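As provided, entry-v3.cif (mmCIF, C-alpha atoms) reads as follows.
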data_structure
#
loop_
_atom_site.group_PDB
_atom_site.id
_atom_site.type_symbol
_atom_site.label_atom_id
_atom_site.label_comp_id
_atom_site.auth_asym_id
_atom_site.auth_seq_id
_atom_site.Cartn_x
_atom_site.Cartn_y
_atom_site.Cartn_z
ATOM 1 C CA MET T 1 -0.154 -21.868 -3.283
ATOM 2 C CA GLY T 2 3.535 -21.064 -3.212
ATOM 3 C CA LEU T 3 5.098 -19.340 -0.229
ATOM 4 C CA GLU T 4 6.124 -16.338 -2.341
ATOM 5 C CA LYS T 5 2.535 -15.753 -3.514
ATOM 6 C CA TYR T 6 1.220 -16.035 0.049
ATOM 7 C CA GLU T 7 3.847 -13.567 1.307
ATOM 8 C CA ALA T 8 2.789 -11.085 -1.397
ATOM 9 C CA ARG T 9 -0.819 -11.317 -0.179
ATOM 10 C CA ILE T 10 0.350 -10.670 3.400
ATOM 11 C CA VAL T 11 2.493 -7.666 2.434
ATOM 12 C CA ARG T 12 -0.380 -6.164 0.437
ATOM 13 C CA GLY T 13 -2.514 -6.478 3.573
ATOM 14 C CA HIS T 14 0.157 -4.741 5.647
ATOM 15 C CA ILE T 15 0.259 -1.890 3.131
ATOM 16 C CA MET T 16 -3.509 -1.480 3.411
ATOM 17 C CA GLN T 17 -3.314 -1.432 7.223
ATOM 18 C CA ILE T 18 -0.533 1.174 7.200
ATOM 19 C CA LEU T 19 -2.567 3.376 4.873
ATOM 20 C CA LYS T 20 -5.637 2.988 7.114
ATOM 21 C CA VAL T 21 -3.688 4.711 9.915
ATOM 22 C CA ALA T 22 -2.916 7.654 7.617
ATOM 23 C CA TYR T 23 -6.468 7.837 6.200
ATOM 24 C CA PRO T 24 -7.906 10.181 5.023
ATOM 25 C CA GLY T 25 -4.437 11.532 4.295
ATOM 26 C CA PRO T 26 -1.712 9.920 2.225
ATOM 27 C CA ALA T 27 1.520 8.209 3.206
ATOM 28 C CA SER T 28 4.801 8.428 1.352
ATOM 29 C CA VAL T 29 6.368 5.407 -0.285
ATOM 30 C CA GLU T 30 9.360 5.956 2.009
ATOM 31 C CA LEU T 31 7.099 5.622 5.053
ATOM 32 C CA LEU T 32 5.674 2.402 3.651
ATOM 33 C CA GLU T 33 9.193 1.014 3.098
ATOM 34 C CA VAL T 34 10.279 1.815 6.663
ATOM 35 C CA THR T 35 7.084 0.536 8.260
ATOM 36 C CA LEU T 36 7.123 -2.692 6.257
ATOM 37 C CA SER T 37 10.726 -3.248 7.322
ATOM 38 C CA ASP T 38 9.715 -2.661 10.965
ATOM 39 C CA ARG T 39 7.027 -5.332 10.484
ATOM 40 C CA SER T 40 9.682 -7.795 9.259
ATOM 41 C CA CYS T 41 8.523 -7.412 5.650
ATOM 42 C CA PRO T 42 11.496 -5.701 4.001
ATOM 43 C CA THR T 43 11.001 -5.129 0.295
ATOM 44 C CA SER T 44 12.849 -3.546 -2.587
ATOM 45 C CA PRO T 45 11.479 -0.447 -4.335
ATOM 46 C CA ALA T 46 10.697 -2.526 -7.434
ATOM 47 C CA VAL T 47 8.767 -5.159 -5.486
ATOM 48 C CA LEU T 48 6.912 -2.500 -3.490
ATOM 49 C CA ASN T 49 5.993 -0.815 -6.774
ATOM 50 C CA GLY T 50 4.461 -4.117 -7.894
ATOM 51 C CA TYR T 51 2.375 -4.391 -4.726
ATOM 52 C CA LEU T 52 1.180 -0.803 -5.139
ATOM 53 C CA ALA T 53 0.336 -1.362 -8.812
ATOM 54 C CA TYR T 54 -1.761 -4.406 -7.871
ATOM 55 C CA LEU T 55 -3.649 -2.511 -5.150
ATOM 56 C CA ALA T 56 -4.209 0.472 -7.475
ATOM 57 C CA GLU T 57 -5.523 -1.750 -10.266
ATOM 58 C CA LYS T 58 -7.982 -3.253 -7.779
ATOM 59 C CA GLY T 59 -9.144 0.258 -6.861
ATOM 60 C CA TYR T 60 -8.009 0.043 -3.224
ATOM 61 C CA ILE T 61 -5.413 2.828 -3.409
ATOM 62 C CA THR T 62 -4.427 5.836 -5.445
ATOM 63 C CA ARG T 63 -0.878 7.038 -5.885
ATOM 64 C CA TRP T 64 0.650 10.148 -7.342
ATOM 65 C CA GLU T 65 3.831 12.166 -7.339
ATOM 66 C CA GLU T 66 4.218 15.568 -5.713
ATOM 67 C CA LYS T 67 7.091 17.808 -6.619
ATOM 68 C CA ASP T 68 8.471 20.492 -4.329
ATOM 69 C CA ASP T 69 10.208 22.940 -6.631
ATOM 70 C CA ILE T 70 11.700 24.880 -3.724
ATOM 71 C CA LEU T 71 13.395 21.823 -2.217
ATOM 72 C CA GLY T 72 13.893 20.156 -5.583
ATOM 73 C CA VAL T 73 12.415 16.836 -4.486
ATOM 74 C CA THR T 74 9.683 14.610 -5.826
ATOM 75 C CA ARG T 75 7.981 12.028 -3.676
ATOM 76 C CA THR T 76 5.354 9.429 -4.339
ATOM 77 C CA LEU T 77 2.289 9.482 -2.118
ATOM 78 C CA VAL T 78 -0.243 6.699 -1.628
ATOM 79 C CA LYS T 79 -3.750 6.917 -0.187
ATOM 80 C CA LEU T 80 -6.576 4.485 0.493
ATOM 81 C CA THR T 81 -9.717 4.883 -1.569
ATOM 82 C CA ALA T 82 -13.199 4.450 -0.134
ATOM 83 C CA THR T 83 -13.184 0.951 -1.649
ATOM 84 C CA GLY T 84 -9.959 0.202 0.215
ATOM 85 C CA VAL T 85 -11.538 1.308 3.498
ATOM 86 C CA ASP T 86 -14.585 -0.849 2.747
ATOM 87 C CA LEU T 87 -12.336 -3.870 2.176
ATOM 88 C CA LEU T 88 -10.541 -3.293 5.482
ATOM 89 C CA GLU T 89 -13.819 -2.847 7.360
ATOM 90 C CA GLY T 90 -15.454 -5.907 5.806
ATOM 91 C CA ASN T 91 -18.134 -3.881 4.016
ATOM 92 C CA ILE T 92 -17.333 -5.601 0.711
ATOM 93 C CA PRO T 93 -16.414 -9.234 0.058
ATOM 94 C CA ALA T 94 -12.901 -10.318 1.040
ATOM 95 C CA ASP T 95 -10.262 -10.253 -1.686
ATOM 96 C CA PRO T 96 -8.192 -13.440 -1.963
ATOM 97 C CA GLY T 97 -5.248 -11.327 -3.171
ATOM 98 C CA VAL T 98 -5.010 -9.373 0.084
ATOM 99 C CA VAL T 99 -4.625 -10.984 3.522
ATOM 100 C CA LEU T 100 -6.031 -8.653 6.181
#

Show me the file's structure as C-alpha cells.
Amino acid sequence: MGLEKYEARIVRGHIMQILKVAYPGPASVELLEVTLSDRSCPTSPAVLNGYLAYLAEKGYITRWEEKDDILGVTRTLVKLTATGVDLLEGNIPADPGVVL
C-alpha cells in the first residue's frame, strides 16, 4: 500500500477520534482543520472534504450546513453516527479504510 493511502486511513481515524470527543454533539469543519493541524496532519479544505465524504458514505458521520442569518455566516458541522461510535468502540468489525 502506498504511503499516501496509508496516511489517508490515519487521518480518517483522527477525524473519528476528534468527533468522539464532541459526541453526541457536532464539531465544525474549522475545528477539525485546526485539530488535525495540531496533530501534525495538516490538510487542505478539498482533501478534508474527501475524507469527510468517505466517512459519510460509510455511514460513520453525518454532515450538514447551518446558516446564521443574523451573522450572515454558514458553517459545516460534522457528527458521529451510532455506527461511527460502534466502530470506535470495537462493537462492529474493523474497517480497513480507517486506522483507529

For Tyr23 in chain T, which residue out of T:Ala94, T:Ile70, T:Leu80, T:Val99 is the nearest one, using all atoms listed in the file?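 Closest to Tyr23 in chain T of all the choices is T:Leu80.
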
Shell of 10 Å around Thr83 in chain T, only C-alpha atoms, local chain residues under 4 positions omitted, as a list in words: Lys58, Gly59, Tyr60, Ile61, Leu87, Leu88, Glu89, Asn91 and Ile92 of chain T

Let me make sure I understand: among T:Ala46, T:Ala22, T:Leu55, T:Cys41, which one has the smallest atom-to-atom distance to Asp95 in chain T if we use only C-alpha atoms? T:Leu55

Apply the PyMOL selection byres ((chain T and resi 96) around 12) to the displayed file and report the matching residues as a count of residues only. 17

Any idea what's packed within 8 Å of range 27-36 of chain T, counting only C-alpha atoms, ignoring anything in its chain fewer than 2 positions away? Could you give it as a PDB file with C-alpha atoms, in the frame of the given file?
ATOM      1  CA  VAL T  11       2.493  -7.666   2.434  1.00  0.00           C
ATOM      2  CA  HIS T  14       0.157  -4.741   5.647  1.00  0.00           C
ATOM      3  CA  ILE T  15       0.259  -1.890   3.131  1.00  0.00           C
ATOM      4  CA  ILE T  18      -0.533   1.174   7.200  1.00  0.00           C
ATOM      5  CA  LEU T  19      -2.567   3.376   4.873  1.00  0.00           C
ATOM      6  CA  ALA T  22      -2.916   7.654   7.617  1.00  0.00           C
ATOM      7  CA  GLY T  25      -4.437  11.532   4.295  1.00  0.00           C
ATOM      8  CA  ASP T  38       9.715  -2.661  10.965  1.00  0.00           C
ATOM      9  CA  ARG T  39       7.027  -5.332  10.484  1.00  0.00           C
ATOM     10  CA  SER T  40       9.682  -7.795   9.259  1.00  0.00           C
ATOM     11  CA  CYS T  41       8.523  -7.412   5.650  1.00  0.00           C
ATOM     12  CA  PRO T  42      11.496  -5.701   4.001  1.00  0.00           C
ATOM     13  CA  THR T  43      11.001  -5.129   0.295  1.00  0.00           C
ATOM     14  CA  PRO T  45      11.479  -0.447  -4.335  1.00  0.00           C
ATOM     15  CA  LEU T  48       6.912  -2.500  -3.490  1.00  0.00           C
ATOM     16  CA  ARG T  75       7.981  12.028  -3.676  1.00  0.00           C
ATOM     17  CA  THR T  76       5.354   9.429  -4.339  1.00  0.00           C
ATOM     18  CA  LEU T  77       2.289   9.482  -2.118  1.00  0.00           C
ATOM     19  CA  VAL T  78      -0.243   6.699  -1.628  1.00  0.00           C
ATOM     20  CA  LYS T  79      -3.750   6.917  -0.187  1.00  0.00           C
TER      21      LYS T  79
END

CA of Lys20 in chain T to CA of Thr81 in chain T: how many Å, to one decimal? 9.8 Å

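Atom to atom, CA of Pro24 in chain T and CA of Val85 in chain T stand 9.7 Å apart.
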
For a quick check of understanding, using all atoms listed in the file, which of T:Ala82, T:Val47, T:Pro26, T:Ser37 has the smallest distance to Arg63 in chain T? T:Pro26
